[in-house]
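**Q** The structure follows.
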Amino acid sequence: RNLLSLLIIPAHTAVRWALTAQNNFFYHSYLKGNGSKEIHFSGLRLHVDASRPSVVVARGDNATIPCRFWYEPELTAPREVRVKWTWQAGAGGLETEVLVATGSRTRSSEGFGGRVHLRQDFPGDAALMMTAVMVNETGRYRCEVVDGLEDKSVSVDLELYGVVFPYQHSRGRYRLSFLGAQQACEEQGATLATLAQLLQSWKEGLNWCNVGWLADGTVRYPITRPRVACGGPRLPPGIRSYGRRHPNLHRYDVFCFFSSLGGKVFFLQQSEGMNQTEARRSCQESGADVAKVGQLYAAWKFAGLDRCDAGWLADGSVRYPITAPRPNCGPSEPGVRSFGFPPPQLKYGVYCYQSE
């Protein structure tokens, strides 16, 4: 049976109307407005907002994810609220607790290693401060503010500056399971690209007709110039999708994401070239390592590396970066050209990486 109770208390004090029905509890706050024993709704409303929908930083930088709350009408005295930040790594994934704060008491997740705290620069400031953002901490962050039974939230995407590059197995295309795709990206100092990262790269001109895994387990490819072999010439430019595929049974290429170069890539050459072993030794003698594919792509995109000379990379592939297309240096668009995975005894230059 539903129970309805109304409590009237002396003037200038708050009263509460409670309704209990089948273990559900609802409430509204009222104020007794005058001496005629009329009861009026207080009209107090909680608002939560963010100054922008996304924040973009470089890997290893600090980030401030905005969130503020306020009341209408404006309060004359502060109220104690509970602020909770959660993180969702990918679309449809589970939310992970990042930080919970009530008044001066704060609890942060061990997964963030004490690198998060609330800014609290002004009343209602609930911005999340993060130090040394890691490449696997991108995603959607939700700021939830709770005042009694009132609950409002806002979400902000955290993204990294970086570059998306297609990658395939040394034995040819479409040989990577989902786990194999993850490992392949990690070996290149990268992570599986998200759909948002692939979309941004497509907007910047990425045009690739081979299908690749993404972080959410879907399989897609970006097309800027529709053609017969890539979905047909009648389809508009965009991200083609094969949908979600079985992570163990199906095999594709992969789109990797690399953020923050953190050093320099340079080219070394000998008059007769170097085989793979000689190339590795040459980088080591220069105090460097053979560059990974992600490092070469980052140097091409962020440092403007332009070299019409093929060189060994750490995975055994041979590539070269072009920012200013010209005759005898590949296609008419900027990009990183690939010679695939030639036999290790062949002679080329080498691209080395030296960390800062």
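Letters A, B, ... mark the chains of the structure tokens in the order given; residue numbers begin at 1 per chain; ligand numbers begin at 1, in order shown.
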For region 183-194 of chain A, please output as a ChimeraX atom specification all residues within 7 Å (counting only C-alpha atoms; exclusion window: fewer than 5 positions along the same chain).

**A** /A:164,214-216,255-258,292-294

**Q** For N, CA and C atoms, I'd like the residues from the last selection saved as a PDB file, in the first residue's frame.

**A**
```pdb
ATOM      1  N   VAL A 164      47.438   8.025 -36.946  1.00  0.00           N
ATOM      2  CA  VAL A 164      46.925   6.681 -37.223  1.00  0.00           C
ATOM      3  C   VAL A 164      47.645   6.138 -38.454  1.00  0.00           C
ATOM      4  N   LEU A 214      39.913  -2.162 -35.245  1.00  0.00           N
ATOM      5  CA  LEU A 214      39.935  -0.987 -34.374  1.00  0.00           C
ATOM      6  C   LEU A 214      39.794  -1.450 -32.921  1.00  0.00           C
ATOM      7  N   ALA A 215      39.985  -0.521 -31.998  1.00  0.00           N
ATOM      8  CA  ALA A 215      40.016  -0.865 -30.575  1.00  0.00           C
ATOM      9  C   ALA A 215      38.714  -1.459 -30.068  1.00  0.00           C
ATOM     10  N   ASP A 216      37.585  -1.109 -30.687  1.00  0.00           N
ATOM     11  CA  ASP A 216      36.293  -1.604 -30.219  1.00  0.00           C
ATOM     12  C   ASP A 216      35.923  -2.960 -30.804  1.00  0.00           C
ATOM     13  N   PHE A 255      44.628  -0.868 -37.744  1.00  0.00           N
ATOM     14  CA  PHE A 255      44.963   0.552 -37.701  1.00  0.00           C
ATOM     15  C   PHE A 255      45.495   0.855 -36.302  1.00  0.00           C
ATOM     16  N   CYS A 256      46.727   1.322 -36.245  1.00  0.00           N
ATOM     17  CA  CYS A 256      47.393   1.632 -34.979  1.00  0.00           C
ATOM     18  C   CYS A 256      47.415   3.143 -34.758  1.00  0.00           C
ATOM     19  N   PHE A 257      47.563   3.527 -33.507  1.00  0.00           N
ATOM     20  CA  PHE A 257      47.641   4.947 -33.137  1.00  0.00           C
ATOM     21  C   PHE A 257      48.910   5.182 -32.333  1.00  0.00           C
ATOM     22  N   PHE A 258      49.709   6.161 -32.782  1.00  0.00           N
ATOM     23  CA  PHE A 258      50.956   6.504 -32.093  1.00  0.00           C
ATOM     24  C   PHE A 258      50.896   7.963 -31.665  1.00  0.00           C
ATOM     25  N   LYS A 292      60.911   2.469 -34.896  1.00  0.00           N
ATOM     26  CA  LYS A 292      59.693   1.687 -35.103  1.00  0.00           C
ATOM     27  C   LYS A 292      58.802   2.390 -36.117  1.00  0.00           C
ATOM     28  N   VAL A 293      57.828   1.656 -36.629  1.00  0.00           N
ATOM     29  CA  VAL A 293      56.952   2.214 -37.658  1.00  0.00           C
ATOM     30  C   VAL A 293      56.197   3.433 -37.115  1.00  0.00           C
ATOM     31  N   GLY A 294      55.682   3.333 -35.886  1.00  0.00           N
ATOM     32  CA  GLY A 294      54.949   4.456 -35.306  1.00  0.00           C
ATOM     33  C   GLY A 294      55.821   5.686 -35.147  1.00  0.00           C
TER      34      GLY A 294
END
```

**Q** Quick one: which region 75-186 of chain A residues come within 6 Å of region 57-66 of chain A, and what is the nearest atom pair for each with the distance in Å to one decimal, counting only C-alpha atoms, rows ordered by chain and ascending number, as CSV?

**A**
```
residue,atom,partner,partner_atom,distance
A:Ala127,CA,A:Pro66,CA,4.4
A:Leu128,CA,A:Ile65,CA,5.1
A:Met129,CA,A:Thr64,CA,4.7
A:Met130,CA,A:Ala63,CA,5.1
A:Thr131,CA,A:Asn62,CA,4.3
A:Ala132,CA,A:Gly60,CA,4.2
A:Val133,CA,A:Gly60,CA,4.9
A:Met134,CA,A:Arg59,CA,5.7
A:Val135,CA,A:Arg59,CA,5.9
A:Leu160,CA,A:Val57,CA,4.9
A:Tyr161,CA,A:Ala58,CA,5.1
```

**Q** Near region 330-344 of chain A, within 7 Å and counting only C-alpha atoms, which residues show up once chain neighbours fewer than 5 positions away are dropped, as a list in words?

**A**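 After dropping sequence-adjacent residues, the list is Ser170, Asn275, Gln276, Tyr297, Gly316, Ser317, Val318, Arg319, Tyr320, Pro321, Ile322, Thr323, Ala324 and Pro325 of chain A.
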
**Q** Filtering to N, CA, C and O atoms, could you give me those residues as an mmCIF file, in the first residue's frame?

**A**
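As written to disk, out14.cif reads:
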```cif
data_model
loop_
_atom_site.group_PDB
_atom_site.id
_atom_site.type_symbol
_atom_site.label_atom_id
_atom_site.label_comp_id
_atom_site.auth_asym_id
_atom_site.auth_seq_id
_atom_site.Cartn_x
_atom_site.Cartn_y
_atom_site.Cartn_z
ATOM 1 N N SER A 170 53.985 -9.316 -41.528
ATOM 2 C CA SER A 170 55.116 -9.429 -42.458
ATOM 3 C C SER A 170 54.859 -10.450 -43.568
ATOM 4 O O SER A 170 55.486 -10.381 -44.632
ATOM 5 N N ASN A 275 72.649 -4.209 -44.835
ATOM 6 C CA ASN A 275 71.634 -5.226 -44.592
ATOM 7 C C ASN A 275 71.007 -4.965 -43.226
ATOM 8 O O ASN A 275 71.398 -4.027 -42.510
ATOM 9 N N GLN A 276 70.085 -5.827 -42.842
ATOM 10 C CA GLN A 276 69.328 -5.553 -41.617
ATOM 11 C C GLN A 276 70.236 -5.551 -40.379
ATOM 12 O O GLN A 276 70.110 -4.693 -39.505
ATOM 13 N N TYR A 297 56.168 7.362 -38.566
ATOM 14 C CA TYR A 297 54.948 8.091 -38.909
ATOM 15 C C TYR A 297 54.830 9.385 -38.100
ATOM 16 O O TYR A 297 54.433 10.427 -38.630
ATOM 17 N N GLY A 316 61.591 -4.958 -39.515
ATOM 18 C CA GLY A 316 62.087 -5.625 -40.711
ATOM 19 C C GLY A 316 61.483 -5.100 -41.994
ATOM 20 O O GLY A 316 61.772 -5.618 -43.074
ATOM 21 N N SER A 317 60.661 -4.068 -41.900
ATOM 22 C CA SER A 317 60.108 -3.455 -43.105
ATOM 23 C C SER A 317 61.038 -2.349 -43.583
ATOM 24 O O SER A 317 61.942 -1.903 -42.875
ATOM 25 N N VAL A 318 60.824 -1.905 -44.824
ATOM 26 C CA VAL A 318 61.604 -0.815 -45.415
ATOM 27 C C VAL A 318 60.626 0.253 -45.888
ATOM 28 O O VAL A 318 59.703 -0.029 -46.662
ATOM 29 N N ARG A 319 60.825 1.486 -45.400
ATOM 30 C CA ARG A 319 59.887 2.573 -45.693
ATOM 31 C C ARG A 319 60.647 3.892 -45.844
ATOM 32 O O ARG A 319 61.835 3.978 -45.505
ATOM 33 N N TYR A 320 59.907 4.915 -46.298
ATOM 34 C CA TYR A 320 60.481 6.263 -46.319
ATOM 35 C C TYR A 320 59.349 7.295 -46.267
ATOM 36 O O TYR A 320 58.261 7.071 -46.806
ATOM 37 N N PRO A 321 59.594 8.455 -45.598
ATOM 38 C CA PRO A 321 58.543 9.459 -45.390
ATOM 39 C C PRO A 321 58.634 10.611 -46.395
ATOM 40 O O PRO A 321 59.709 11.148 -46.656
ATOM 41 N N ILE A 322 57.486 10.996 -46.936
ATOM 42 C CA ILE A 322 57.431 12.094 -47.902
ATOM 43 C C ILE A 322 56.369 13.106 -47.467
ATOM 44 O O ILE A 322 55.187 12.775 -47.359
ATOM 45 N N THR A 323 56.810 14.324 -47.209
ATOM 46 C CA THR A 323 55.854 15.411 -46.908
ATOM 47 C C THR A 323 55.636 16.305 -48.126
ATOM 48 O O THR A 323 54.603 16.968 -48.235
ATOM 49 N N ALA A 324 56.619 16.366 -49.039
ATOM 50 C CA ALA A 324 56.505 17.162 -50.267
ATOM 51 C C ALA A 324 56.636 16.220 -51.464
ATOM 52 O O ALA A 324 57.752 15.926 -51.915
ATOM 53 N N PRO A 325 55.512 15.705 -51.971
ATOM 54 C CA PRO A 325 55.577 14.752 -53.090
ATOM 55 C C PRO A 325 56.319 15.338 -54.295
ATOM 56 O O PRO A 325 56.204 16.526 -54.601
#
```

**Q** Quick one: everything within 6 Å of Cys67 (chain A), counting only C-alpha atoms, minus sequence neighbours fewer than 3 positions away in the same chain. Send it as a count of residues only.

**A** 4

**Q** Go ahead and compute the interatomic distance for CA of Tyr348 (chain A) and CA of Arg326 (chain A), in Å to one decimal.

**A**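 Calculated distance between CA of Tyr348 (chain A) and CA of Arg326 (chain A) is 20.6 Å.
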
**Q** How would you write, as a ChimeraX atom specification, the set of residues in region 55-225 of chain A that DSSP gives as strand (DSSP E)?

**A** /A:55-57,63-65,68-72,82-88,95-102,105-108,116-118,128-130,139-147,150-160,163-167,191-192,212-213,218-223

**Q** Between A:Gly172, A:Gly349, A:Gly90, A:Gly114, which has the minimum distance to Arg281 (chain A) (counting only C-alpha atoms)?

**A**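 Among the listed residues, A:Gly349 lies closest to Arg281 (chain A).
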
**Q** Which of these residues is nearest to Val350 (chain A), using only C-alpha atoms: A:Ser286, A:Asn328, A:Thr224, A:Asn207?

**A** A:Ser286

**Q** Give me, as a compact mmCIF listing (two decimals) with N, CA, C and O atoms, in the first residue's frame, all polymer residues having an atom no more than 7 Å from region 173-182 of chain A, counting only C-alpha atoms and skipping those fewer than 6 positions away in the same chain.

**A**
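Once written, around-v6.txt looks like this:
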```txt
# COMPACT_ATOMS: atom_id res chain seq x y z
N THR A 191 49.07 1.84 -30.01
CA THR A 191 47.89 1.14 -29.54
C THR A 191 46.90 0.99 -30.69
O THR A 191 47.04 1.65 -31.74
N LEU A 192 45.92 0.13 -30.52
CA LEU A 192 44.85 0.04 -31.51
C LEU A 192 44.13 1.39 -31.61
O LEU A 192 43.79 2.00 -30.60
N TRP A 213 41.45 -3.85 -38.05
CA TRP A 213 40.83 -3.85 -36.73
C TRP A 213 40.92 -2.48 -36.08
O TRP A 213 41.89 -1.74 -36.28
N PRO A 247 36.89 -12.12 -32.63
CA PRO A 247 38.29 -11.74 -32.35
C PRO A 247 39.30 -12.84 -32.61
O PRO A 247 40.49 -12.54 -32.80
N ASN A 248 38.86 -14.10 -32.65
CA ASN A 248 39.80 -15.21 -32.86
C ASN A 248 39.70 -15.82 -34.26
O ASN A 248 40.70 -16.27 -34.82
N HIS A 250 38.42 -14.42 -37.22
CA HIS A 250 38.61 -13.59 -38.40
C HIS A 250 40.00 -12.95 -38.40
O HIS A 250 40.58 -12.69 -37.35
N ARG A 251 40.50 -12.68 -39.60
CA ARG A 251 41.84 -12.11 -39.79
C ARG A 251 41.75 -10.88 -40.69
O ARG A 251 41.15 -10.92 -41.77
N TYR A 252 42.39 -9.80 -40.24
CA TYR A 252 42.44 -8.56 -41.01
C TYR A 252 43.78 -7.88 -40.75
O TYR A 252 44.64 -8.41 -40.04
N ASP A 253 43.96 -6.68 -41.33
CA ASP A 253 45.08 -5.83 -40.96
C ASP A 253 44.65 -5.04 -39.72
O ASP A 253 43.66 -5.38 -39.07
N VAL A 254 45.36 -3.97 -39.39
CA VAL A 254 45.03 -3.21 -38.20
C VAL A 254 45.37 -1.74 -38.42
O VAL A 254 46.28 -1.40 -39.19
```

**Q** What is the CA of Ala298 (chain A)-CA of Ala310 (chain A) distance in Å, reported with one decimal?

**A**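 Rounded to one decimal, the two atoms are 16.8 Å apart.
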